[in-house]
$ cat coords.txt   # compact mmCIF, C-alpha atoms and all ligand atoms
# COMPACT_ATOMS: atom_id res chain seq x y z
CA MET A 88 12.03 9.52 246.71
CA HIS A 89 12.92 11.41 243.48
CA GLU A 90 11.13 8.99 241.21
CA GLY A 91 7.95 9.68 243.17
CA ARG A 92 7.66 13.23 241.80
CA GLY A 93 4.65 13.69 239.55
CA SER A 94 6.45 15.33 236.62
CA SER A 95 9.83 16.86 235.87
CA THR A 96 8.30 20.36 235.97
CA GLU A 97 6.89 19.94 239.44
CA PRO A 98 9.30 21.75 241.76
CA ALA A 99 10.57 20.04 244.89
CA CYS A 100 10.20 23.28 246.84
CA GLY A 101 9.56 26.99 246.27
CA ARG A 102 6.72 28.87 244.58
CA GLY A 103 5.74 26.55 241.74
CA ASP A 104 6.16 28.97 238.82
CA VAL A 105 9.94 28.78 239.16
CA PRO A 106 12.06 25.68 239.77
CA GLY A 107 12.59 25.16 243.49
CA HIS A 108 16.18 24.05 243.05
CA VAL A 109 18.46 25.24 240.26
CA ALA A 110 21.99 23.83 240.05
CA VAL A 111 24.65 25.27 237.76
CA ILE A 112 27.84 23.88 236.25
CA MET A 113 29.79 27.07 235.54
CA ASP A 114 31.92 26.29 232.50
CA GLY A 115 33.82 28.27 229.88
CA ASN A 116 35.81 30.75 231.97
CA GLY A 117 39.04 29.81 230.20
CA ARG A 118 37.54 29.98 226.70
CA TRP A 119 35.87 33.30 227.49
CA ALA A 120 39.25 34.75 228.45
CA GLU A 121 41.06 33.22 225.48
CA SER A 122 38.42 34.61 223.08
CA LYS A 123 39.35 38.07 224.35
CA GLY A 124 43.10 37.52 224.34
CA LEU A 125 43.19 37.55 228.15
CA PRO A 126 44.84 35.10 230.58
CA ARG A 127 42.56 32.28 231.81
CA THR A 128 42.60 33.75 235.29
CA GLU A 129 40.65 36.78 234.00
CA GLY A 130 37.88 34.40 233.00
CA HIS A 131 37.74 33.03 236.53
CA ARG A 132 37.81 36.53 238.01
CA GLN A 133 34.85 37.58 235.87
CA GLY A 134 33.22 34.20 236.65
CA GLU A 135 33.20 35.00 240.36
CA ALA A 136 31.51 38.38 239.74
CA THR A 137 28.99 36.64 237.49
CA LEU A 138 28.20 34.14 240.22
CA ALA A 139 27.45 36.94 242.68
CA ASP A 140 25.09 38.57 240.12
CA VAL A 141 23.35 35.29 239.33
CA VAL A 142 22.81 34.53 243.02
CA ARG A 143 21.06 37.93 243.30
CA ALA A 144 18.97 37.11 240.22
CA ALA A 145 18.01 33.68 241.59
CA ASP A 146 16.95 35.34 244.81
CA ASP A 147 14.87 37.96 242.94
CA LEU A 148 13.17 35.23 240.90
CA GLY A 149 12.07 33.46 244.07
CA ILE A 150 14.18 30.33 243.54
CA ALA A 151 14.48 28.54 246.90
CA TRP A 152 17.73 26.63 246.33
CA PHE A 153 20.61 27.61 244.05
CA THR A 154 23.67 25.38 243.92
CA ALA A 155 26.88 26.23 242.03
CA TYR A 156 29.81 23.94 241.18
CA GLY A 157 32.66 26.10 242.46
CA PHE A 158 35.57 23.68 242.63
CA SER A 159 35.59 19.98 241.82
CA THR A 160 37.79 17.22 243.18
CA GLU A 161 39.10 16.96 239.60
CA ASN A 162 40.10 20.66 239.51
CA TRP A 163 43.14 19.89 241.72
CA THR A 164 44.91 18.55 238.60
CA ARG A 165 45.07 22.05 237.05
CA PRO A 166 48.34 24.02 237.20
CA LYS A 167 49.06 25.15 240.77
CA LEU A 168 48.91 28.85 239.89
CA GLU A 169 45.42 28.43 238.42
CA VAL A 170 44.24 26.37 241.42
CA ASP A 171 45.54 29.01 243.83
CA PHE A 172 43.83 31.74 241.84
CA ILE A 173 40.47 29.94 241.82
CA LEU A 174 40.71 29.23 245.56
CA GLY A 175 41.41 32.92 246.16
CA LEU A 176 38.20 33.73 244.30
CA HIS A 177 36.27 31.46 246.63
CA LYS A 178 37.48 33.66 249.44
CA ASN A 179 35.95 36.57 247.51
CA ILE A 180 32.57 34.93 247.21
CA PHE A 181 32.56 34.22 250.97
CA ARG A 182 33.55 37.83 251.57
CA ARG A 183 30.28 38.82 249.96
CA ARG A 184 28.55 37.14 252.90
CA LEU A 185 27.46 40.41 254.54
CA GLU A 186 25.49 41.42 251.48
CA MET A 187 23.99 37.93 251.23
CA HIS A 188 23.17 38.03 254.93
CA ARG A 189 21.35 41.36 254.47
CA ASN A 190 19.33 39.67 251.71
CA ASN A 191 18.38 36.79 254.03
CA VAL A 192 20.43 34.32 251.93
CA ARG A 193 21.59 31.17 253.69
CA ILE A 194 25.06 30.02 252.60
CA ARG A 195 25.78 26.30 252.61
CA CYS A 196 28.65 24.18 251.32
CA ILE A 197 28.90 20.63 250.07
CA GLY A 198 32.12 18.77 249.40
CA ARG A 199 35.15 17.44 251.21
CA PRO A 200 35.08 20.20 253.87
CA VAL A 201 31.88 18.57 255.20
CA SER A 202 33.66 15.26 255.62
CA GLY A 203 36.68 16.94 257.26
CA THR A 204 39.10 15.60 254.64
CA SER A 205 39.60 18.73 252.54
CA ARG A 206 43.02 19.87 251.35
CA LEU A 207 41.78 23.47 251.19
CA PRO A 208 43.87 26.13 252.95
CA LYS A 209 42.70 26.81 256.50
CA ARG A 210 42.08 30.52 255.85
CA ILE A 211 39.53 29.66 253.14
CA LEU A 212 37.85 27.04 255.32
CA ARG A 213 37.60 29.72 258.00
CA GLU A 214 35.85 32.14 255.60
CA MET A 215 33.54 29.31 254.59
CA ASP A 216 32.69 28.37 258.20
CA GLU A 217 32.06 32.02 259.10
CA SER A 218 29.73 32.41 256.11
CA ILE A 219 27.76 29.31 257.06
CA GLU A 220 27.57 30.35 260.71
CA LEU A 221 26.59 33.98 259.99
CA THR A 222 23.72 33.02 257.70
CA LYS A 223 22.50 29.82 259.36
CA SER A 224 19.21 31.31 260.58
CA ASN A 225 18.33 33.00 257.30
CA THR A 226 15.15 31.87 255.62
CA GLY A 227 15.56 33.19 252.05
CA LEU A 228 17.50 31.68 249.16
CA ASN A 229 19.67 28.67 250.03
CA PHE A 230 22.90 29.30 248.15
CA THR A 231 25.04 26.17 248.19
CA LEU A 232 28.60 26.18 246.95
CA ALA A 233 29.93 22.81 245.86
CA PHE A 234 33.48 23.30 247.02
CA ASP A 235 36.16 20.63 246.66
CA TYR A 236 33.20 18.52 245.62
CA GLY A 237 32.84 15.26 243.73
CA SER A 238 29.60 13.34 243.50
CA ARG A 239 31.21 9.89 243.60
CA GLU A 240 33.05 10.86 246.76
CA GLU A 241 29.77 12.09 248.24
CA LEU A 242 28.12 8.74 247.48
CA VAL A 243 30.99 6.85 249.13
CA TYR A 244 30.80 9.21 252.13
CA ALA A 245 27.04 8.64 252.44
CA THR A 246 27.47 4.87 252.11
CA ARG A 247 30.02 4.81 254.93
CA ARG A 248 27.81 6.94 257.18
CA LEU A 249 24.72 4.87 256.51
CA LEU A 250 26.55 1.57 257.08
CA ASP A 251 27.82 2.90 260.38
CA LEU A 252 24.29 3.85 261.48
CA HIS A 253 22.97 0.53 260.23
CA ARG A 254 25.56 -1.48 262.17
CA ARG A 255 24.49 0.34 265.31
CA GLY A 256 20.86 -0.50 264.56
CA ARG A 257 19.93 3.13 263.94
CA ALA A 258 18.96 3.09 260.26
CA GLU A 259 17.55 0.86 257.57
CA ILE A 260 19.33 0.86 254.23
CA VAL A 261 16.72 2.51 252.02
CA GLU A 262 16.72 5.55 249.69
CA HIS A 263 15.36 7.91 252.30
CA THR A 264 18.02 7.12 254.90
CA PHE A 265 20.76 7.20 252.26
CA ALA A 266 19.67 10.72 251.24
CA GLN A 267 19.93 11.78 254.89
CA CYS A 268 23.60 10.79 254.86
CA LEU A 269 24.60 12.99 251.90
CA TYR A 270 26.66 16.14 252.54
CA GLU A 271 23.53 18.33 252.82
CA PRO A 272 20.51 16.29 253.92
CA ALA A 273 18.17 19.29 253.64
CA MET A 274 18.93 19.79 249.95
CA PRO A 275 15.90 18.95 247.78
CA PRO A 276 16.18 17.22 244.40
CA VAL A 277 17.41 19.43 241.56
CA ASP A 278 14.54 20.72 239.40
CA LEU A 279 16.69 22.34 236.73
CA LEU A 280 20.33 21.61 235.95
CA VAL A 281 22.15 24.26 233.90
CA ARG A 282 25.52 24.00 232.19
CA THR A 283 27.20 26.82 230.32
CA SER A 284 29.61 26.76 227.35
CA GLY A 285 27.82 24.06 225.37
CA GLU A 286 29.31 20.95 227.01
CA GLN A 287 26.78 18.20 227.68
CA ARG A 288 28.41 16.41 230.61
CA LEU A 289 27.52 16.02 234.29
CA SER A 290 31.17 16.14 235.38
CA ASN A 291 30.61 14.30 238.66
CA PHE A 292 28.07 16.87 239.91
CA LEU A 293 25.04 16.05 242.09
CA LEU A 294 24.49 12.60 240.55
CA TRP A 295 22.03 11.50 243.25
CA GLN A 296 20.20 14.82 243.51
CA SER A 297 19.83 15.43 239.74
CA VAL A 298 18.43 12.06 238.78
CA GLY A 299 15.20 13.47 237.31
CA ALA A 300 16.34 17.00 236.47
CA PRO A 301 15.97 18.43 232.97
CA PHE A 302 19.37 19.49 231.67
CA TYR A 303 19.58 22.96 230.11
CA VAL A 304 22.75 23.56 228.12
CA THR A 305 23.52 27.04 226.86
CA PRO A 306 26.43 27.88 224.54
CA THR A 307 27.14 31.04 226.58
CA TYR A 308 30.43 31.01 228.48
CA TRP A 309 29.93 31.35 232.22
CA PRO A 310 31.36 34.91 232.55
CA ASP A 311 28.68 36.12 230.08
CA PHE A 312 25.84 34.29 231.83
CA ASP A 313 23.48 36.80 233.42
CA ARG A 314 20.00 37.46 234.78
CA ALA A 315 18.42 37.24 231.31
CA GLU A 316 20.11 33.88 230.72
CA LEU A 317 18.84 32.57 234.03
CA GLU A 318 15.35 33.80 233.16
CA ALA A 319 15.58 32.04 229.78
CA ALA A 320 16.54 28.78 231.51
CA VAL A 321 13.64 29.14 233.94
CA GLU A 322 11.26 29.90 231.07
CA TRP A 323 12.49 26.76 229.26
CA TRP A 324 11.79 24.78 232.42
CA ARG A 325 8.39 26.43 232.90
CA THR A 326 7.16 25.65 229.41
CA GLY A 327 8.42 22.09 229.65
CA ARG A 328 10.46 22.26 226.44
CA HIS A 329 13.00 19.72 227.59
CA GLY A 330 13.45 17.85 224.32
CA HIS A 331 15.75 20.29 222.54
CA LEU A 332 18.49 22.79 223.19
CA PRO A 333 17.92 26.53 223.61
CA GLY A 334 17.67 28.28 220.24
CA GLU A 335 16.56 25.16 218.38
CA ARG A 336 13.25 25.12 216.53
CA GLU A 337 10.15 23.89 218.37
CA PRO A 338 9.35 20.28 217.45
CA GLU A 339 6.18 19.96 215.30
CA GLY A 340 2.97 19.84 217.28
CA ARG A 341 4.42 21.16 220.54
CA THR A 342 3.50 24.49 221.98
C1 LIG B 1 35.08 26.45 234.45
O1 LIG B 1 35.92 27.21 233.68
C2 LIG B 1 34.95 26.78 235.86
C3 LIG B 1 35.73 26.31 236.91
C4 LIG B 1 37.03 25.70 236.77
C5 LIG B 1 35.24 26.38 238.25
C6 LIG B 1 35.63 27.65 238.94
C7 LIG B 1 34.56 28.61 238.80
C8 LIG B 1 34.76 29.90 238.92
C9 LIG B 1 36.10 30.48 239.20
C10 LIG B 1 33.59 30.80 238.80
C11 LIG B 1 33.39 31.54 240.07
C12 LIG B 1 33.03 30.74 241.20
C13 LIG B 1 33.56 30.82 242.46
C14 LIG B 1 32.91 30.12 243.54
C15 LIG B 1 34.74 31.59 242.78
P1 LIG B 1 37.05 26.46 232.83
O2 LIG B 1 38.36 26.94 233.29
O3 LIG B 1 36.85 24.98 232.91
O4 LIG B 1 36.73 26.95 231.37
P2 LIG B 1 37.19 26.26 230.01
O5 LIG B 1 36.42 24.97 229.90
O6 LIG B 1 36.79 27.25 228.98
O7 LIG B 1 38.67 26.03 230.06
$ encode --input "coords.txt" --output "structure tokens"
Amino acid sequence: MHEGRGSSTEPACGRGDVPGHVAVIMDGNGRWAESKGLPRTEGHRQGEATLADVVRAADDLGIAWFTAYGFSTENWTRPKLEVDFILGLHKNIFRRRLEMHRNNVRIRCIGRPVSGTSRLPKRILREMDESIELTKSNTGLNFTLAFDYGSREELVYATRRLLDLHRRGRAEIVEHTFAQCLYEPAMPPVDLLVRTSGEQRLSNFLLWQSVGAPFYVTPTYWPDFDRAELEAAVEWWRTGRHGHLPGEREPEGRT
């Protein structure tokens, strides 16, 4: 299904002059805080506010799907105080649901909560469910939070579901049916994958969905990422300059 796309700059959905699906690995909260002599938690706090701003910017740009890596299955290994703080911030982002609802944004989640095996506190799952329910008929930006998410776990989850359907004679085992068994079957392939803070790793994020996505890495720490940074990433995608990092010189002979 993904390999069938004509080129990496052809969006899976949306208007065509912007990527239909942008996915972001928000990294560098801790380093941002440390660079300012602040506790790491301040980086996460600012990171949550940044996410809310960037969702607004994605909406304004006409991006159809925006997915953010909010909490990974690996993040549980962090100190308990930091984990609790980050989970509290997720409650904050869900509490912004009324504003998102007014803007016709549809909130979705992918991760263990979908499979019913999450260790997340019930009060946060409740905020999440209410956000999904409130916005389920909205037709604007699809904002998906990857929450207690790991791509390998998603692939195992999809495999189990598809095998179950197959055993009952209800599905063939092919790419299309596999994709229907992922956490969010409606999610289109990622057109542009962004990672902040200079790291060039996928970190177990959207491995199936990002298979053909150009990978834009910016040295900016997530809390400093903003509308202009998102626009720069979209411009990079639009002009097809996928062979070098932002800020590097144009290769000879390319426009
Ligand atoms: C990376 O910073 C980010 C995370 C651990 C994920 C949590 C993201 C946020 C708190 C941003 C806001 C999002 C939501 C949904 C509340 P890091 O701690 O790995 O940074 P470092 O690599 O500099 O240590």
$ residues_around --input "coords.txt" --residues "range 317-327 of chain A" --least-positions-apart "3" --cutoff "7 Å" --atoms "all atoms listed in the file" --output "JSON, numbers by chain"
{"A": [96, 104, 105, 106, 279, 303, 313, 314]}
$ residues_around --input "coords.txt" --residues "Phe312 in chain A" --least-positions-apart "2" --cutoff "9 Å" --atoms "all atoms listed in the file" --output "list in words"
Gly134, Thr137, Leu138, Val141, Thr283, Thr307, Tyr308, Trp309, Pro310, Arg314, Ala315, Glu316 and Leu317 of chain A
$ atom_distance --input "coords.txt" --atom1 "CA of Ala136 in chain A" --atom2 "CA of Leu174 in chain A"
14.2 Å
$ atom_distance --input "coords.txt" --atom1 "CA of Ile180 in chain A" --atom2 "CA of Ser297 in chain A"
24.5 Å
$ atom_distance --input "coords.txt" --atom1 "CA of Gly124 in chain A" --atom2 "atom C13 of ligand LIG 1 (chain B)"
21.5 Å
$ axis_aligned_box --input "coords.txt" --around "range 295-301 of chain A" --padding-each-side "3 Å" --output "JSON"
{"center_x": 18.6, "center_y": 15.0, "center_z": 238.2, "size_x": 12.8, "size_y": 12.9, "size_z": 16.5}
$ closest_residue --input "coords.txt" --among "A:Met187, A:Ala266, A:Leu176, A:Ile219" --to "Asp140 in chain A" --atoms "all atoms listed in the file"
A:Met187
$ closest_atom_pairs --input "coords.txt" --of "chain A" --to "ligand LIG 1 (chain B)" --cutoff "9 Å" --atoms "only C-alpha atoms and all ligand atoms" --output "Markdown table"
| residue | atom | partner | partner_atom | distance |
| --- | --- | --- | --- | --- |
| A:Ile112 | CA | B:LIG1 | C2 | 7.7 |
| A:Met113 | CA | B:LIG1 | C2 | 5.2 |
| A:Asp114 | CA | B:LIG1 | C1 | 3.7 |
| A:Gly115 | CA | B:LIG1 | O6 | 3.3 |
| A:Asn116 | CA | B:LIG1 | O1 | 3.9 |
| A:Gly117 | CA | B:LIG1 | O6 | 3.6 |
| A:Arg118 | CA | B:LIG1 | O6 | 3.6 |
| A:Trp119 | CA | B:LIG1 | O6 | 6.3 |
| A:Ala120 | CA | B:LIG1 | O6 | 7.9 |
| A:Glu121 | CA | B:LIG1 | O6 | 8.1 |
| A:Arg127 | CA | B:LIG1 | O2 | 7.0 |
| A:Thr128 | CA | B:LIG1 | C9 | 8.3 |
| A:Gly130 | CA | B:LIG1 | O2 | 7.5 |
| A:His131 | CA | B:LIG1 | C9 | 4.0 |
| A:Arg132 | CA | B:LIG1 | C9 | 6.4 |
| A:Gln133 | CA | B:LIG1 | C10 | 7.5 |
| A:Gly134 | CA | B:LIG1 | C10 | 4.0 |
| A:Glu135 | CA | B:LIG1 | C11 | 3.5 |
| A:Ala136 | CA | B:LIG1 | C11 | 7.1 |
| A:Thr137 | CA | B:LIG1 | C11 | 7.2 |
| A:Leu138 | CA | B:LIG1 | C11 | 5.8 |
| A:Ala139 | CA | B:LIG1 | C11 | 8.4 |
| A:Ala155 | CA | B:LIG1 | C14 | 7.3 |
| A:Tyr156 | CA | B:LIG1 | C5 | 6.6 |
| A:Gly157 | CA | B:LIG1 | C14 | 4.2 |
| A:Phe158 | CA | B:LIG1 | C5 | 5.2 |
| A:Ser159 | CA | B:LIG1 | C5 | 7.3 |
| A:Asn162 | CA | B:LIG1 | C4 | 6.5 |
| A:Arg165 | CA | B:LIG1 | C4 | 8.8 |
| A:Glu169 | CA | B:LIG1 | O2 | 8.9 |
| A:Val170 | CA | B:LIG1 | C4 | 8.6 |
| A:Phe172 | CA | B:LIG1 | C9 | 8.3 |
| A:Ile173 | CA | B:LIG1 | C9 | 5.1 |
| A:Leu174 | CA | B:LIG1 | C15 | 7.0 |
| A:Gly175 | CA | B:LIG1 | C15 | 7.6 |
| A:Leu176 | CA | B:LIG1 | C15 | 4.3 |
| A:His177 | CA | B:LIG1 | C15 | 4.1 |
| A:Lys178 | CA | B:LIG1 | C15 | 7.5 |
| A:Asn179 | CA | B:LIG1 | C15 | 7.0 |
| A:Ile180 | CA | B:LIG1 | C15 | 6.0 |
| A:Phe181 | CA | B:LIG1 | C14 | 8.5 |
| A:Leu232 | CA | B:LIG1 | C14 | 6.8 |
| A:Ala233 | CA | B:LIG1 | C14 | 8.2 |
| A:Phe234 | CA | B:LIG1 | C14 | 7.7 |
| A:Thr283 | CA | B:LIG1 | C1 | 8.9 |
| A:Ser284 | CA | B:LIG1 | O6 | 7.4 |
| A:Glu286 | CA | B:LIG1 | O5 | 8.7 |
| A:Tyr308 | CA | B:LIG1 | O6 | 7.4 |
| A:Trp309 | CA | B:LIG1 | O1 | 7.4 |
| A:Pro310 | CA | B:LIG1 | C10 | 7.8 |
$ closest_residue --input "coords.txt" --among "A:Cys268, A:Ala110, A:Glu186, A:Ser122" --to "Val304 in chain A" --atoms "only C-alpha atoms"
A:Ala110
